[in-house]
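Asker: The file below is structure35.txt, compact mmCIF, C-alpha atoms:
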# COMPACT_ATOMS: atom_id res chain seq x y z
CA MET A 1102 0.00 0.00 0.00
CA ALA A 1103 1.49 3.32 -1.08
CA VAL A 1104 1.44 6.17 1.42
CA GLU A 1105 2.36 9.77 0.64
CA ILE A 1106 5.18 11.33 2.69
CA ARG A 1107 5.85 15.08 2.81
CA LEU A 1108 9.55 15.84 2.92
CA PRO A 1109 11.18 18.85 4.59
CA THR A 1110 13.33 21.13 2.43
CA ILE A 1111 16.46 19.62 3.89
CA LEU A 1112 15.67 16.08 2.64
CA ARG A 1113 14.40 17.00 -0.81
CA PRO A 1114 17.82 16.94 -2.49
CA HIS A 1115 17.98 13.22 -1.62
CA ALA A 1116 14.72 12.67 -3.54
CA GLY A 1117 15.52 14.61 -6.69
CA GLY A 1118 13.95 17.78 -5.27
CA GLU A 1119 10.49 16.26 -4.78
CA THR A 1120 8.22 17.74 -2.09
CA THR A 1121 6.32 14.50 -1.57
CA VAL A 1122 7.24 10.90 -2.28
CA ALA A 1123 5.30 7.62 -2.04
CA ALA A 1124 6.49 4.64 -0.02
CA GLU A 1125 5.07 1.19 0.74
CA GLY A 1126 4.36 -0.11 4.23
CA ALA A 1127 1.83 -0.70 6.98
CA THR A 1128 3.83 1.09 9.71
CA VAL A 1129 6.03 4.17 9.77
CA GLY A 1130 9.06 1.91 10.22
CA GLU A 1131 8.15 -0.06 7.07
CA LEU A 1132 7.62 3.17 5.16
CA PHE A 1133 11.07 4.37 6.22
CA ALA A 1134 12.65 1.07 5.16
CA ASP A 1135 11.13 1.50 1.70
CA LEU A 1136 11.95 5.22 1.62
CA THR A 1137 15.62 4.68 2.46
CA SER A 1138 15.92 1.87 -0.09
CA GLN A 1139 14.56 4.23 -2.76
CA PHE A 1140 16.68 7.15 -1.55
CA PRO A 1141 19.72 5.75 0.32
CA GLY A 1142 21.01 9.24 1.11
CA MET A 1143 18.19 9.68 3.62
CA LYS A 1144 19.17 6.74 5.79
CA GLY A 1145 21.73 8.49 7.97
CA GLN A 1146 19.46 11.53 8.16
CA LEU A 1147 16.31 9.84 9.48
CA LEU A 1148 17.55 7.02 11.67
CA ASN A 1149 20.33 6.36 14.12
CA ALA A 1150 22.68 3.39 13.66
CA ASP A 1151 20.50 1.34 16.03
CA GLY A 1152 17.43 1.97 13.85
CA SER A 1153 15.78 4.48 16.20
CA LEU A 1154 14.50 7.85 15.07
CA HIS A 1155 17.12 10.62 14.85
CA ARG A 1156 16.82 13.07 17.77
CA PHE A 1157 16.35 16.06 15.47
CA VAL A 1158 13.69 14.41 13.28
CA ASN A 1159 10.00 14.62 14.09
CA VAL A 1160 7.53 12.43 12.20
CA TYR A 1161 3.83 13.11 12.19
CA VAL A 1162 0.93 10.89 11.07
CA ASN A 1163 -2.03 13.15 10.33
CA ASP A 1164 -0.19 15.88 12.28
CA GLU A 1165 0.34 13.74 15.42
CA ASP A 1166 3.93 13.12 16.55
CA ILE A 1167 4.63 9.38 16.37
CA ARG A 1168 6.81 9.54 19.50
CA TYR A 1169 3.52 9.83 21.41
CA LEU A 1170 1.74 7.19 19.33
CA GLU A 1171 3.58 3.91 18.74
CA GLN A 1172 6.87 5.36 17.51
CA LEU A 1173 8.08 3.58 14.35
CA ASP A 1174 5.42 0.88 14.91
CA THR A 1175 2.65 3.47 14.37
CA LYS A 1176 0.24 2.01 11.81
CA VAL A 1177 -0.49 3.88 8.61
CA ALA A 1178 -3.18 3.61 5.92
CA GLY A 1179 -3.20 4.87 2.35
CA THR A 1180 -5.25 7.91 3.28
CA ASP A 1181 -2.88 9.04 6.05
CA GLN A 1182 -0.67 12.10 5.63
CA ILE A 1183 2.89 11.52 6.81
CA SER A 1184 5.11 14.57 7.44
CA ILE A 1185 8.78 14.59 8.32
CA LEU A 1186 10.00 17.83 9.92
CA PRO A 1187 13.29 18.88 11.46
CA ALA A 1188 13.21 19.68 15.19
CA VAL A 1189 13.52 23.45 15.44
CA ALA A 1190 13.25 26.10 18.11
CA GLY A 1191 10.05 27.94 19.00
CA GLY A 1192 9.37 30.70 21.51
CA MET B 851 -24.77 35.68 38.00
CA HIS B 852 -26.00 39.24 38.42
CA LEU B 853 -24.36 41.44 35.80
CA THR B 854 -23.26 44.94 36.59
CA ALA B 855 -21.66 47.55 34.38
CA SER B 856 -18.23 46.42 35.54
CA ARG B 857 -16.74 44.00 38.02
CA PRO B 858 -17.85 44.94 41.51
CA ALA B 859 -15.13 46.16 43.84
CA VAL B 860 -14.11 43.43 46.28
CA GLY B 861 -11.95 44.35 49.28
CA PRO B 862 -9.73 47.40 49.56
CA MET B 863 -8.17 49.02 46.52
CA VAL B 864 -4.52 48.08 46.13
CA ILE B 865 -1.93 50.37 44.58
CA HIS B 866 0.88 48.20 43.32
CA ASP B 867 4.52 49.22 43.50
CA SER B 868 5.03 48.49 39.80
CA VAL B 869 3.55 46.49 36.94
CA ILE B 870 5.89 43.66 37.90
CA ASP B 871 3.44 42.94 40.73
CA LEU B 872 0.75 42.34 38.10
CA ILE B 873 2.56 39.41 36.48
CA GLY B 874 0.74 36.09 36.90
CA ASN B 875 -2.48 35.20 38.67
CA THR B 876 -4.25 35.46 35.33
CA PRO B 877 -8.00 34.81 34.99
CA MET B 878 -9.69 31.76 33.54
CA VAL B 879 -12.81 31.94 31.39
CA ASP B 880 -15.20 29.17 30.39
CA VAL B 881 -15.12 28.71 26.62
CA SER B 882 -17.09 25.46 26.58
CA ARG B 883 -19.39 26.89 23.92
CA LEU B 884 -16.50 26.07 21.55
CA SER B 885 -16.29 22.47 22.78
CA PRO B 886 -17.37 19.94 20.14
CA ASN B 887 -18.37 17.59 22.97
CA PRO B 888 -21.04 18.83 25.42
CA ALA B 889 -19.63 16.54 28.14
CA VAL B 890 -16.24 18.24 27.92
CA LYS B 891 -15.69 21.60 29.60
CA ILE B 892 -12.98 23.89 28.23
CA SER B 893 -11.51 26.68 30.38
CA ALA B 894 -9.12 29.22 28.89
CA LYS B 895 -6.33 30.81 30.94
CA LEU B 896 -5.86 34.34 29.63
CA GLU B 897 -2.12 34.99 29.67
CA GLY B 898 -2.61 38.05 27.52
CA GLN B 899 -3.73 39.73 30.76
CA ASN B 900 -0.13 39.89 31.96
CA PRO B 901 1.18 43.48 31.89
CA GLY B 902 3.59 42.83 29.01
CA GLY B 903 0.78 41.10 27.15
CA SER B 904 1.91 37.47 27.22
CA VAL B 905 2.70 34.39 29.27
CA LYS B 906 6.40 35.18 28.78
CA ASP B 907 6.29 37.93 31.43
CA ARG B 908 6.36 35.08 33.95
CA ILE B 909 9.61 33.55 32.74
CA ALA B 910 11.22 36.93 32.07
CA LEU B 911 10.65 37.88 35.71
CA ASN B 912 11.72 34.53 37.14
CA MET B 913 14.89 34.37 35.03
CA ILE B 914 15.88 37.87 36.14
CA LEU B 915 15.09 37.24 39.82
CA ARG B 916 17.01 33.97 39.88
CA ALA B 917 19.99 35.56 38.11
CA GLU B 918 19.95 38.45 40.61
CA GLU B 919 19.87 35.97 43.50
CA ALA B 920 22.83 34.12 42.02
CA GLY B 921 24.77 37.37 41.72
CA GLU B 922 24.90 37.02 37.93
CA LEU B 923 23.28 40.39 37.20
CA HIS B 924 24.35 43.83 38.33
CA GLU B 925 22.69 47.20 37.82
CA GLY B 926 23.34 48.72 34.42
CA GLN B 927 24.40 45.41 32.88
CA THR B 928 23.21 44.43 29.41
CA ILE B 929 21.14 41.28 28.94
CA LEU B 930 21.36 39.47 25.58
CA GLU B 931 18.54 37.06 24.65
CA PRO B 932 17.28 35.23 21.56
CA SER B 933 13.51 35.63 21.30
CA SER B 934 10.76 35.53 18.70
CA GLY B 935 9.23 38.45 20.56
CA ASN B 936 7.21 37.77 23.68
CA THR B 937 10.09 36.87 26.00
CA GLY B 938 11.93 39.91 24.71
CA ILE B 939 8.94 42.16 25.38
CA GLY B 940 8.58 40.80 28.93
CA LEU B 941 12.29 41.29 29.54
CA GLY B 942 12.09 44.78 28.02
CA MET B 943 9.37 45.81 30.45
CA ILE B 944 11.20 44.44 33.49
CA CYS B 945 14.60 45.76 32.41
CA ARG B 946 13.20 49.32 32.37
CA LEU B 947 12.15 48.94 35.99
CA ARG B 948 15.24 47.15 37.29
CA GLY B 949 17.93 49.12 35.52
CA TYR B 950 19.23 46.73 32.87
CA LYS B 951 19.90 47.29 29.19
CA LEU B 952 18.55 44.74 26.72
CA LYS B 953 19.60 43.35 23.36
CA ILE B 954 17.20 40.94 21.65
CA VAL B 955 18.20 38.67 18.78
CA LEU B 956 14.96 38.56 16.79
CA PRO B 957 14.11 36.60 13.62
CA GLU B 958 13.36 39.10 10.85
CA ASN B 959 10.03 37.40 10.05
CA VAL B 960 8.06 38.24 13.20
CA SER B 961 5.04 40.55 13.14
CA ILE B 962 5.84 44.26 12.99
CA GLU B 963 4.06 44.81 16.32
CA ARG B 964 6.48 42.50 18.14
CA ARG B 965 9.41 44.51 16.81
CA GLN B 966 7.68 47.82 17.65
CA LEU B 967 6.95 46.75 21.22
CA LEU B 968 10.58 45.80 21.76
CA GLU B 969 11.56 49.23 20.45
CA ALA B 970 8.94 50.87 22.68
CA PHE B 971 10.62 49.33 25.73
CA GLY B 972 14.00 50.57 24.52
CA ALA B 973 15.49 47.22 23.56
CA GLU B 974 18.20 47.05 20.92
CA ILE B 975 17.21 44.60 18.20
CA ILE B 976 19.70 42.39 16.40
CA THR B 977 18.02 40.73 13.42
CA SER B 978 18.62 37.07 12.56
CA PRO B 979 17.81 35.53 9.14
CA GLY B 980 14.12 34.72 8.69
CA GLU B 981 14.77 31.48 6.82
CA GLU B 982 16.45 30.10 9.95
CA GLY B 983 13.43 30.89 12.18
CA SER B 984 14.05 30.85 15.92
CA ASN B 985 16.98 28.47 15.36
CA GLY B 986 18.76 31.36 13.68
CA ALA B 987 18.14 33.66 16.65
CA VAL B 988 19.51 31.02 19.03
CA ARG B 989 22.54 30.39 16.81
CA LEU B 990 23.38 34.08 16.45
CA ALA B 991 22.87 34.80 20.17
CA ASN B 992 25.18 31.90 21.06
CA GLU B 993 27.82 33.30 18.72
CA LEU B 994 27.45 36.86 20.01
CA ILE B 995 27.60 36.01 23.70
CA ALA B 996 30.97 34.30 23.18
CA GLU B 997 32.32 37.71 22.16
CA LEU B 998 30.44 39.70 24.82
CA PRO B 999 31.56 38.28 28.17
CA ASP B 1000 30.31 41.34 30.05
CA HIS B 1001 26.71 40.66 28.95
CA ALA B 1002 24.29 38.51 30.93
CA TYR B 1003 22.82 35.55 29.05
CA LEU B 1004 19.57 34.21 30.51
CA TYR B 1005 18.95 31.80 27.58
CA GLN B 1006 15.28 30.87 28.03
CA TYR B 1007 15.70 27.55 26.17
CA GLY B 1008 18.12 26.14 28.72
CA ASN B 1009 17.25 28.11 31.87
CA GLU B 1010 15.46 26.09 34.55
CA ALA B 1011 13.92 29.36 35.79
CA ASN B 1012 11.72 29.16 32.66
CA PRO B 1013 9.79 25.97 33.54
CA ASP B 1014 10.16 26.87 37.23
CA ALA B 1015 8.07 30.03 36.67
CA HIS B 1016 5.23 27.79 35.55
CA TYR B 1017 5.85 25.15 38.21
CA ARG B 1018 5.59 27.83 40.91
CA GLY B 1019 2.98 30.08 39.26
CA THR B 1020 0.89 28.94 36.31
CA GLY B 1021 0.51 25.33 37.48
CA PRO B 1022 -0.65 26.11 41.05
CA GLU B 1023 -3.03 28.78 39.72
CA ILE B 1024 -4.66 26.24 37.39
CA TRP B 1025 -4.91 23.66 40.18
CA ARG B 1026 -6.44 26.28 42.51
CA ASP B 1027 -9.01 27.45 39.95
CA CYS B 1028 -9.77 24.14 38.21
CA PRO B 1029 -8.88 21.11 40.37
CA GLU B 1030 -11.14 18.96 38.17
CA VAL B 1031 -8.72 19.44 35.24
CA THR B 1032 -8.22 16.27 33.17
CA HIS B 1033 -6.19 17.71 30.27
CA PHE B 1034 -3.82 20.65 29.94
CA VAL B 1035 -3.25 21.98 26.41
CA ALA B 1036 -0.69 24.63 25.46
CA GLY B 1037 1.58 25.69 22.64
CA LEU B 1038 5.09 24.28 22.38
CA GLY B 1039 7.86 26.86 21.98
CA THR B 1040 10.69 26.77 24.46
CA THR B 1041 8.59 23.98 26.09
CA GLY B 1042 8.83 25.83 29.44
CA THR B 1043 5.08 26.24 29.94
CA LEU B 1044 4.33 22.59 29.23
CA MET B 1045 7.24 21.37 31.36
CA GLY B 1046 6.48 23.50 34.42
CA VAL B 1047 2.69 23.23 34.36
CA GLY B 1048 2.85 19.59 33.29
CA ARG B 1049 5.17 18.64 36.14
CA TYR B 1050 3.05 20.47 38.71
CA LEU B 1051 -0.32 19.14 37.57
CA THR B 1052 0.83 15.53 37.20
CA GLU B 1053 2.33 15.69 40.69
CA GLN B 1054 -1.13 16.68 41.98
CA ASN B 1055 -2.93 14.11 39.82
CA PRO B 1056 -0.90 11.66 37.71
CA ASP B 1057 -3.92 11.11 35.45
CA VAL B 1058 -3.85 14.66 34.07
CA GLN B 1059 -2.83 14.51 30.41
CA ILE B 1060 -0.46 17.08 28.90
CA TRP B 1061 -0.95 17.92 25.21
CA ALA B 1062 1.52 20.03 23.24
CA ILE B 1063 0.36 22.02 20.22
CA GLU B 1064 2.85 23.35 17.69
CA PRO B 1065 2.83 25.05 14.30
CA PRO B 1066 4.61 23.27 11.42
CA THR B 1067 7.70 25.35 12.20
CA GLY B 1068 9.99 22.89 10.49
CA GLU B 1069 8.33 23.80 7.18
CA LEU B 1070 8.96 27.49 7.77
CA VAL B 1071 12.61 27.01 8.64
CA GLN B 1072 14.28 26.57 5.27
CA GLY B 1073 17.79 27.50 6.29
CA LEU B 1074 19.07 24.32 7.94
CA ARG B 1075 22.14 22.84 6.31
CA ASN B 1076 21.48 19.38 7.68
CA LEU B 1077 19.42 17.74 10.38
CA ASP B 1078 22.22 18.08 12.90
CA ASP B 1079 21.42 21.81 12.84
CA GLY B 1080 18.11 20.87 14.49
CA PHE B 1081 17.32 22.04 17.98
CA VAL B 1082 15.62 20.56 21.02
CA PRO B 1083 15.49 22.97 23.99
CA PRO B 1084 17.62 21.68 26.88
CA VAL B 1085 14.70 22.26 29.30
CA PHE B 1086 12.50 19.81 27.31
CA ASP B 1087 11.67 16.48 28.97
CA PRO B 1088 9.67 14.56 26.32
CA SER B 1089 8.37 12.09 28.91
CA LEU B 1090 6.14 14.77 30.43
CA LEU B 1091 3.96 14.99 27.31
CA ASP B 1092 1.13 12.64 26.37
CA ARG B 1093 0.55 13.94 22.85
CA ARG B 1094 2.21 16.37 20.48
CA VAL B 1095 0.07 17.70 17.63
CA ILE B 1096 0.63 20.11 14.74
CA VAL B 1097 -2.01 22.77 14.11
CA ARG B 1098 -1.53 24.61 10.84
CA ALA B 1099 -1.92 28.32 10.16
CA ARG B 1100 -5.38 28.13 8.57
CA GLU B 1101 -6.90 26.20 11.45
CA SER B 1102 -5.14 28.48 13.96
CA ILE B 1103 -6.69 31.55 12.33
CA GLU B 1104 -10.15 29.95 12.17
CA TRP B 1105 -10.08 29.18 15.90
CA THR B 1106 -8.58 32.57 16.75
CA ARG B 1107 -11.56 34.14 14.96
CA ARG B 1108 -14.00 31.86 16.79
CA LEU B 1109 -12.49 32.90 20.13
CA THR B 1110 -13.10 36.53 19.23
CA LEU B 1111 -16.53 36.19 17.61
CA GLU B 1112 -18.10 33.56 19.89
CA CYS B 1113 -16.39 34.24 23.23
CA GLY B 1114 -15.29 37.86 22.93
CA ILE B 1115 -11.68 36.85 23.60
CA PHE B 1116 -9.14 38.69 21.45
CA ALA B 1117 -6.16 36.35 21.56
CA GLY B 1118 -3.10 35.70 19.42
CA LEU B 1119 -2.65 33.10 16.69
CA SER B 1120 -0.96 30.53 18.91
CA SER B 1121 -4.03 30.71 21.17
CA GLY B 1122 -6.22 29.74 18.23
CA ALA B 1123 -3.88 26.81 17.61
CA ALA B 1124 -4.08 25.75 21.26
CA LEU B 1125 -7.85 25.94 21.18
CA ALA B 1126 -7.96 23.85 18.01
CA GLY B 1127 -5.87 21.33 19.95
CA ALA B 1128 -8.30 21.44 22.88
CA ALA B 1129 -11.16 20.73 20.47
CA LYS B 1130 -9.25 17.69 19.17
CA VAL B 1131 -8.91 16.45 22.76
CA ALA B 1132 -12.63 17.03 23.39
CA GLU B 1133 -13.51 14.94 20.33
CA LYS B 1134 -11.41 12.01 21.57
CA ILE B 1135 -12.70 11.74 25.15
CA ASP B 1136 -16.10 10.89 26.65
CA SER B 1137 -16.03 13.59 29.31
CA GLY B 1138 -13.53 15.80 31.05
CA SER B 1139 -12.32 19.27 31.87
CA ILE B 1140 -9.68 20.81 29.61
CA VAL B 1141 -7.58 23.81 30.55
CA VAL B 1142 -6.11 25.57 27.53
CA LEU B 1143 -3.48 28.28 27.88
CA LEU B 1144 -3.95 31.31 25.62
CA ALA B 1145 -0.40 32.68 25.46
CA ASP B 1146 -1.06 36.26 24.40
CA GLY B 1147 -3.57 38.80 23.16
CA GLY B 1148 -4.36 39.56 19.55
CA TRP B 1149 -2.93 43.08 19.45
CA LYS B 1150 0.45 42.04 18.11
CA TYR B 1151 -1.10 40.27 15.10
CA LEU B 1152 -3.50 42.87 13.71
CA SER B 1153 -1.05 43.61 10.88
CA THR B 1154 -1.27 39.98 9.73
CA GLY B 1155 -4.90 40.49 8.74
CA ALA B 1156 -5.85 37.41 10.73
CA TRP B 1157 -9.29 38.83 11.57
CA THR B 1158 -9.85 41.14 8.65
CA ASP B 1159 -8.39 39.56 5.50
CA ASP B 1160 -9.85 36.84 3.35
CA LEU B 1161 -8.94 33.50 5.01
CA ASP B 1162 -6.66 32.43 2.14
CA GLU B 1163 -4.73 35.70 2.33
CA ALA B 1164 -4.50 35.57 6.12
CA GLU B 1165 -3.25 31.97 5.92
CA ALA B 1166 -0.61 32.90 3.36
CA LYS B 1167 0.65 35.77 5.55
CA ALA B 1168 0.62 33.74 8.78
CA SER B 1169 2.52 30.90 7.10
CA LYS B 1170 5.45 33.25 6.55
CA ILE B 1171 5.84 34.60 10.09
CA VAL B 1172 6.85 33.23 13.47
CA TYR B 1173 3.73 33.47 15.64
CA PHE B 1174 4.47 31.02 18.47
Mind turning the file's structure into structure tokens?
Answerer:
Amino acid sequence: MAVEIRLPTILRPHAGGETTVAAEGATVGELFADLTSQFPGMKGQLLNADGSLHRFVNVYVNDEDIRYLEQLDTKVAGTDQISILPAVAGG
Amino acid sequence: MHLTASRPAVGPMVIHDSVIDLIGNTPMVDVSRLSPNPAVKISAKLEGQNPGGSVKDRIALNMILRAEEAGELHEGQTILEPSSGNTGIGLGMICRLRGYKLKIVLPENVSIERRQLLEAFGAEIITSPGEEGSNGAVRLANELIAELPDHAYLYQYGNEANPDAHYRGTGPEIWRDCPEVTHFVAGLGTTGTLMGVGRYLTEQNPDVQIWAIEPPTGELVQGLRNLDDGFVPPVFDPSLLDRRVIVRARESIEWTRRLTLECGIFAGLSSGAALAGAAKVAEKIDSGSIVVLLADGGWKYLSTGAWTDDLDEAEAKASKIVYF
């Protein structure tokens, strides 16, 4: 099942400049496995060596941060909107 | 309740020594008419009632008091601080009264009113690149302070006096006024409000849920070279949150307008975002009592057209500025 992923500006060069890309998977972790096989340059950007989410990467399923859902095991469906955003300052 | 032309006088009139005494102890107002679930009450804490116009007066005061106690500030000294506006305005107000000079590193893409208020309080503004957002202000302030050892650096993102202001003030006020609270919802910036209030409320009742609302700031910030340029405030303890939700500019404006038109509350854009978040909570639960923190008033955002422009135009403008 293909799910659309919105990329932040910083990751777009790894995907030929695309704003959104499609990846296959039933969880965020599976989507990332497909995403990084399509665009290997993203691997070191999104995940740590142990496979966990990079500290400065926030991933949202329908605008909810997956760290407060089921992390990389968060389930996704074809209609879900996945956004990857860099962790930045507010305030 | 019997309505009179104005609030009746209760007790003796108090003349305060200065506006600093007016920081905190903000009122709460029932905004349940905006709740999508009739079994869920929503109470709004009006931080725009602080004398500097925002919740940030609290941390500005606490950071200065703690630095004074530690002997890290002396009269006439200059304070340097990165801020998207509200912390700077709070510091500006207090610095006038306590004899400090102030330099604020401010992203260039904040509303004109934020910049004007800083100027009104006599702060010197150092502009950081808009495409770097608040990250740019933090980066530039960190660089500048290394060359300005005589300046005081309060650094709201890493200063425990920031969450402590909410642990000692905002949190106990909410518990006093709304002990039935089941959910606390507020915007995520430095994370100080959520950390301090969250810690206090969950100590009183571990079942209270803490929801963070944020704008899609990472989309606005185009200037990062790589993800290692990202930033997580040192005061942030992720384990204190139960949910973290993005509310986008359009929805923030819609709820800001509803606050004004349906509740008579003229609040800023981040308040609309927080209220949108509270409505999402209300939709997910059977019953409960939500406290939502409205961080500032609407005055500083009139130039964005948030209330007066066509919604598409207002959304386009808001998407280009830092409003949290």
Asker: My list of candidates is B:Leu915, B:Ala920, B:Cys945, B:Ser934. Which is closest to B:Asn1012 when distances are computed with all atoms listed in the file?
Answerer: B:Leu915
Asker: For atom CA of A:Leu1136 and atom CA of A:Tyr1161, quote the distance in Å rounded to one decimal.
Answerer: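 Going from atom CA of A:Leu1136 over to atom CA of A:Tyr1161 covers 15.5 Å.
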Asker: From the list A:Thr1110, A:Asp1135, A:Thr1120, A:Leu1148, which residue is nearest chain B when using only C-alpha atoms?
Answerer: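 Counting only C-alpha atoms, the residue closest to chain B is A:Thr1110.
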Asker: Hey, what's within 12 Å of B:Val881 if we count all atoms listed in the file and toss same-chain stuff fewer than 6 positions away? As a PyMOL selection string, please?
Answerer: chain B and resi 888+890-896+1105+1108-1115+1125+1128-1129+1139-1144
Asker: Name the residues in contact with A:Ala1127 at a cut-off of 8 Å, using only C-alpha atoms, excluding same-chain residues fewer than 5 positions from it; report them as a PDB file with C-alpha atoms, in the coordinates of the input.
Answerer:
ATOM      1  CA  MET A1102       0.000   0.000   0.000  1.00  0.00           C
ATOM      2  CA  LEU A1132       7.620   3.170   5.160  1.00  0.00           C
ATOM      3  CA  LYS A1176       0.240   2.010  11.810  1.00  0.00           C
ATOM      4  CA  VAL A1177      -0.490   3.880   8.610  1.00  0.00           C
ATOM      5  CA  ALA A1178      -3.180   3.610   5.920  1.00  0.00           C
TER       6      ALA A1178
END
Asker: Set the distance at 6 Å and use only C-alpha atoms: which residues neighbour B:His1033 once local chain neighbours fewer than 3 positions away are removed? I'd like the list as a list of chain:residue names.
Answerer: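 Those residues are B:Val1058, B:Gln1059, B:Ile1060, B:Ile1140.
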Asker: Quick one: residues within 7 Å of stretch 1111-1114 of chain A, all atoms listed in the file counted, chain neighbours fewer than 5 positions away excluded, as a PyMOL selection string?
Answerer: (chain A and resi 1119-1120+1143) or (chain B and resi 1074-1076)
Asker: Give me, as a VMD selection string, the contact residues of chain A against chain B at a cut-off of 10 Å, counting all atoms listed in the file.
Answerer: chain A and resid 1108 to 1112 1145 to 1147 1155 to 1159 1161 to 1170 1184 to 1192
Asker: Work out how far apart atom CA of B:Glu1101 and atom CA of B:Gly902 are and give it in Å to one decimal.
Answerer: 26.4 Å
Asker: Leaving out B:Glu969 and any residue of its chain fewer than 4 positions from it, which residues lie within 12 Å of it when counting all atoms listed in the file, given as a list in words?
Answerer: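 Close residues of B:Glu969: Gly935, Gly938, Ile939, Gly942, Met943, Leu952, Lys953, Ile954, Leu956, Ile962, Glu963, Arg964, Arg965, Ala973, Glu974, Ile975 and Ile976 of chain B.
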Asker: What does the distance from atom CA of B:Pro858 to atom CA of B:Phe1116 come to in Å, to one decimal?
Answerer: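 Rounded to one decimal, the two atoms are 22.7 Å apart.
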Asker: Name the closest residue to A:Leu1173 among the candidates A:Leu1154, A:Ala1123, A:Val1104, A:Ala1116; distances are taken between atoms, counting all atoms listed in the file.
Answerer: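 For A:Leu1173, the nearest of the candidates is A:Leu1154.
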Asker: Point out the residue among A:Asp1174, A:Arg1107, A:Asp1181, A:Val1160 with the least atom-to-atom distance to A:Glu1131, counting only C-alpha atoms.
Answerer: A:Asp1174
Asker: From the list A:Ala1103, A:Pro1141, A:Thr1180, A:Asn1149, which residue is nearest A:Ala1124 when using only C-alpha atoms?
Answerer: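 Result for the nearest residue to A:Ala1124: A:Ala1103.
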